[in-house]
Amino acid sequence: MVFIGPFAHDSNIFPWRESSADLVHIPHEKTGLVDAFSLRCALQNHTSESLKIRVSSVASNAKGVLADVDLITPFMHKFKALAFWYHATTAPHTAIDMNSVSTCGADVSRDAINFSIHKLVGGPGSPGVFVVKKKLLHRTAEKNGPKTVKYQPQ
């Protein structure tokens, strides 16, 4: 289940749509920020989902509204959901801290971040960047044991 933020960029939505994930669009308030009540209701309505991810842009590409990353991230973690942040418009202008702590000591570390290098000096034509916490990666064994099925031509 992927919860899409109010000003998610198309390039951040397309991969999730292609993955066949169920998408839930969360509206924004008049201020342009995410409607926290709608987000909470959506999370409560999907508590049985084994994987919940919220993807959102840190800043609106059109309006310049900045998301409250330090408020939304721990909120997502409270509902056992992952917080993925898209830094497309902010990567060239702000520091990106995956392991930040808020001024009151709350863990506001991001689970993953991504951005396109084409927004950076010398970046056009370059691939995008995706950084994810190591704890979210699952290694599989190179050999799965004696019951591994192998293709054998006849």
# chains A, B, ... in the order shown; residues from 1 in each chain; ligands from 1
>>> residues_around(residues="Asp107 (chain A)", least_positions_apart="5", cutoff="9 Å", atoms="only C-alpha atoms", output="PyMOL selection string")
chain A and resi 70+73-74+99-102
>>> write_last_selection(atoms="C-alpha atoms", output="PDB file, in the first residue's frame")
ATOM      1  CA  ASP A  70      10.067  16.089  10.828  1.00  0.00           C
ATOM      2  CA  THR A  73       8.083  10.904   9.380  1.00  0.00           C
ATOM      3  CA  PRO A  74       7.554   9.878  13.056  1.00  0.00           C
ATOM      4  CA  ASN A  99      19.405  10.059  10.350  1.00  0.00           C
ATOM      5  CA  SER A 100      18.231  13.345  11.770  1.00  0.00           C
ATOM      6  CA  VAL A 101      16.823  13.910  15.233  1.00  0.00           C
ATOM      7  CA  SER A 102      14.298  16.669  15.906  1.00  0.00           C
TER       8      SER A 102
END
>>> select_by_dssp(residues="region 50-132 of chain A", states="strand (DSSP E)", output="ChimeraX atom specification")
/A:53-57,82-86,112-116,128-132
>>> write_last_selection(atoms="N, CA and C atoms", output="short mmCIF file (atom, residue, chain, number, x, y, z; two decimals), in the first residue's frame")
data_model
loop_
_atom_site.label_atom_id
_atom_site.label_comp_id
_atom_site.auth_asym_id
_atom_site.auth_seq_id
_atom_site.Cartn_x
_atom_site.Cartn_y
_atom_site.Cartn_z
N ILE A 53 3.89 2.31 2.72
CA ILE A 53 4.92 3.28 2.38
C ILE A 53 4.24 4.60 2.04
N ARG A 54 4.78 5.68 2.57
CA ARG A 54 4.31 7.00 2.16
C ARG A 54 5.40 7.64 1.35
N VAL A 55 5.07 8.02 0.13
CA VAL A 55 6.03 8.71 -0.72
C VAL A 55 5.53 10.14 -0.93
N SER A 56 6.42 11.07 -0.73
CA SER A 56 6.02 12.46 -0.88
C SER A 56 7.23 13.30 -1.25
N SER A 57 6.96 14.36 -1.94
CA SER A 57 8.01 15.33 -2.26
C SER A 57 8.27 16.18 -1.03
N LEU A 82 6.53 3.10 6.33
CA LEU A 82 7.82 3.66 5.93
C LEU A 82 7.62 5.04 5.33
N ALA A 83 8.61 5.90 5.54
CA ALA A 83 8.56 7.26 5.00
C ALA A 83 9.65 7.43 3.95
N PHE A 84 9.24 7.52 2.69
CA PHE A 84 10.15 7.75 1.57
C PHE A 84 9.97 9.21 1.12
N TRP A 85 11.06 9.93 1.03
CA TRP A 85 10.99 11.35 0.68
C TRP A 85 11.71 11.63 -0.64
N TYR A 86 11.03 12.35 -1.52
CA TYR A 86 11.55 12.69 -2.84
C TYR A 86 12.12 14.10 -2.78
N ALA A 112 13.90 6.13 3.35
CA ALA A 112 14.52 6.19 2.02
C ALA A 112 14.35 7.60 1.47
N ILE A 113 15.28 7.97 0.61
CA ILE A 113 15.18 9.25 -0.10
C ILE A 113 15.58 9.00 -1.55
N ASN A 114 15.07 9.84 -2.42
CA ASN A 114 15.50 9.77 -3.82
C ASN A 114 15.45 11.15 -4.44
N PHE A 115 16.23 11.33 -5.49
CA PHE A 115 16.21 12.57 -6.24
C PHE A 115 16.84 12.34 -7.60
N SER A 116 16.58 13.26 -8.50
CA SER A 116 17.14 13.18 -9.85
C SER A 116 18.35 14.09 -9.92
N GLY A 128 19.14 8.67 -11.63
CA GLY A 128 18.64 9.14 -10.35
C GLY A 128 19.37 8.49 -9.20
N VAL A 129 19.12 9.00 -8.01
CA VAL A 129 19.73 8.47 -6.79
C VAL A 129 18.61 7.97 -5.88
N PHE A 130 18.79 6.76 -5.35
CA PHE A 130 17.84 6.18 -4.40
C PHE A 130 18.66 5.65 -3.23
N VAL A 131 18.40 6.17 -2.04
CA VAL A 131 19.12 5.75 -0.83
C VAL A 131 18.09 5.15 0.12
N VAL A 132 18.36 3.93 0.57
CA VAL A 132 17.43 3.24 1.46
C VAL A 132 18.19 2.70 2.66
#
>>> closest_residue(among="A:Ala88, A:Met76, A:Ala67, A:Ile96", to="Asp10 (chain A)", atoms="only C-alpha atoms")
A:Ala88
>>> closest_residue(among="A:Ala42, A:Met98, A:Pro92, A:Val108", to="Val121 (chain A)", atoms="only C-alpha atoms")
A:Pro92
>>> residues_around(residues="Asn61 (chain A)", least_positions_apart="6", cutoff="9 Å", atoms="only C-alpha atoms", output="ChimeraX atom specification")
/A:7-9,88-89
>>> write_last_selection(atoms="C-alpha atoms", output="PDB file, in the first residue's frame")
ATOM      1  CA  PHE A   7       2.362  17.292  -4.419  1.00  0.00           C
ATOM      2  CA  ALA A   8       4.093  14.092  -5.470  1.00  0.00           C
ATOM      3  CA  HIS A   9       5.878  14.494  -8.784  1.00  0.00           C
ATOM      4  CA  ALA A  88      13.852  16.438  -6.545  1.00  0.00           C
ATOM      5  CA  THR A  89      13.455  20.170  -6.005  1.00  0.00           C
TER       6      THR A  89
END
>>> residues_around(residues="Val65 (chain A)", least_positions_apart="5", cutoff="9 Å", atoms="only C-alpha atoms", output="tab-separated table (two decimals) with N, CA and C atoms, in the first residue's frame")
chain	number	residue	atom	x	y	z
A	7	PHE	N	1.68	16.73	-3.25
A	7	PHE	CA	2.36	17.29	-4.42
A	7	PHE	C	3.46	16.36	-4.91
A	31	THR	N	-3.28	25.25	3.06
A	31	THR	CA	-1.89	25.74	3.14
A	31	THR	C	-0.99	25.05	2.13
A	32	GLY	N	-1.45	23.95	1.57
A	32	GLY	CA	-0.63	23.17	0.65
A	32	GLY	C	0.03	21.98	1.32
A	33	LEU	N	0.01	21.95	2.65
A	33	LEU	CA	0.59	20.83	3.39
A	33	LEU	C	-0.36	19.65	3.39
A	58	VAL	N	9.51	16.57	-0.86
A	58	VAL	CA	9.87	17.45	0.24
A	58	VAL	C	9.37	18.87	-0.06
A	59	ALA	N	9.31	19.22	-1.33
A	59	ALA	CA	8.82	20.53	-1.73
A	59	ALA	C	7.99	20.41	-3.00
A	60	SER	N	6.99	21.25	-3.10
A	60	SER	CA	6.17	21.29	-4.30
A	60	SER	C	6.99	21.85	-5.45
>>> closest_residue(among="A:His138, A:His77, A:His87, A:Lys52", to="Leu120 (chain A)", atoms="only C-alpha atoms")
A:His87
>>> residues_around(residues="region 43-46 of chain A", least_positions_apart="3", cutoff="9 Å", atoms="only C-alpha atoms", output="list in words")
Met1, Phe3, Ser38, Leu39, Arg40, Glu49, Lys52, Met76, Phe79 and Ala81 of chain A
>>> select_by_dssp(residues="chain A", states="alpha helix (DSSP H)", output="ChimeraX atom specification")
/A:10-18,36-45,69-78
>>> write_last_selection(atoms="C-alpha atoms", output="mmCIF file, in the first residue's frame")
data_model
loop_
_atom_site.group_PDB
_atom_site.id
_atom_site.type_symbol
_atom_site.label_atom_id
_atom_site.label_comp_id
_atom_site.auth_asym_id
_atom_site.auth_seq_id
_atom_site.Cartn_x
_atom_site.Cartn_y
_atom_site.Cartn_z
ATOM 1 C CA ASP A 10 4.793 12.199 -11.636
ATOM 2 C CA SER A 11 8.288 10.713 -11.811
ATOM 3 C CA ASN A 12 7.818 9.598 -8.208
ATOM 4 C CA ILE A 13 4.358 8.137 -8.814
ATOM 5 C CA PHE A 14 4.995 6.204 -12.048
ATOM 6 C CA PRO A 15 7.327 3.548 -10.549
ATOM 7 C CA TRP A 16 4.793 2.747 -7.825
ATOM 8 C CA ARG A 17 1.987 2.522 -10.367
ATOM 9 C CA GLU A 18 4.159 0.246 -12.536
ATOM 10 C CA ALA A 36 -2.749 14.988 8.499
ATOM 11 C CA PHE A 37 -6.280 13.916 9.466
ATOM 12 C CA SER A 38 -6.840 12.287 6.054
ATOM 13 C CA LEU A 39 -3.437 10.617 6.279
ATOM 14 C CA ARG A 40 -4.240 9.247 9.740
ATOM 15 C CA CYS A 41 -7.621 7.926 8.572
ATOM 16 C CA ALA A 42 -6.024 6.265 5.540
ATOM 17 C CA LEU A 43 -3.371 4.609 7.718
ATOM 18 C CA GLN A 44 -5.996 3.399 10.200
ATOM 19 C CA ASN A 45 -8.093 1.982 7.358
ATOM 20 C CA VAL A 69 9.261 16.097 7.097
ATOM 21 C CA ASP A 70 10.067 16.089 10.828
ATOM 22 C CA LEU A 71 6.360 15.925 11.699
ATOM 23 C CA ILE A 72 5.191 13.396 9.100
ATOM 24 C CA THR A 73 8.083 10.904 9.380
ATOM 25 C CA PRO A 74 7.554 9.878 13.056
ATOM 26 C CA PHE A 75 3.809 9.930 12.402
ATOM 27 C CA MET A 76 4.320 7.306 9.687
ATOM 28 C CA HIS A 77 6.546 5.214 11.935
ATOM 29 C CA LYS A 78 3.863 5.273 14.649
#
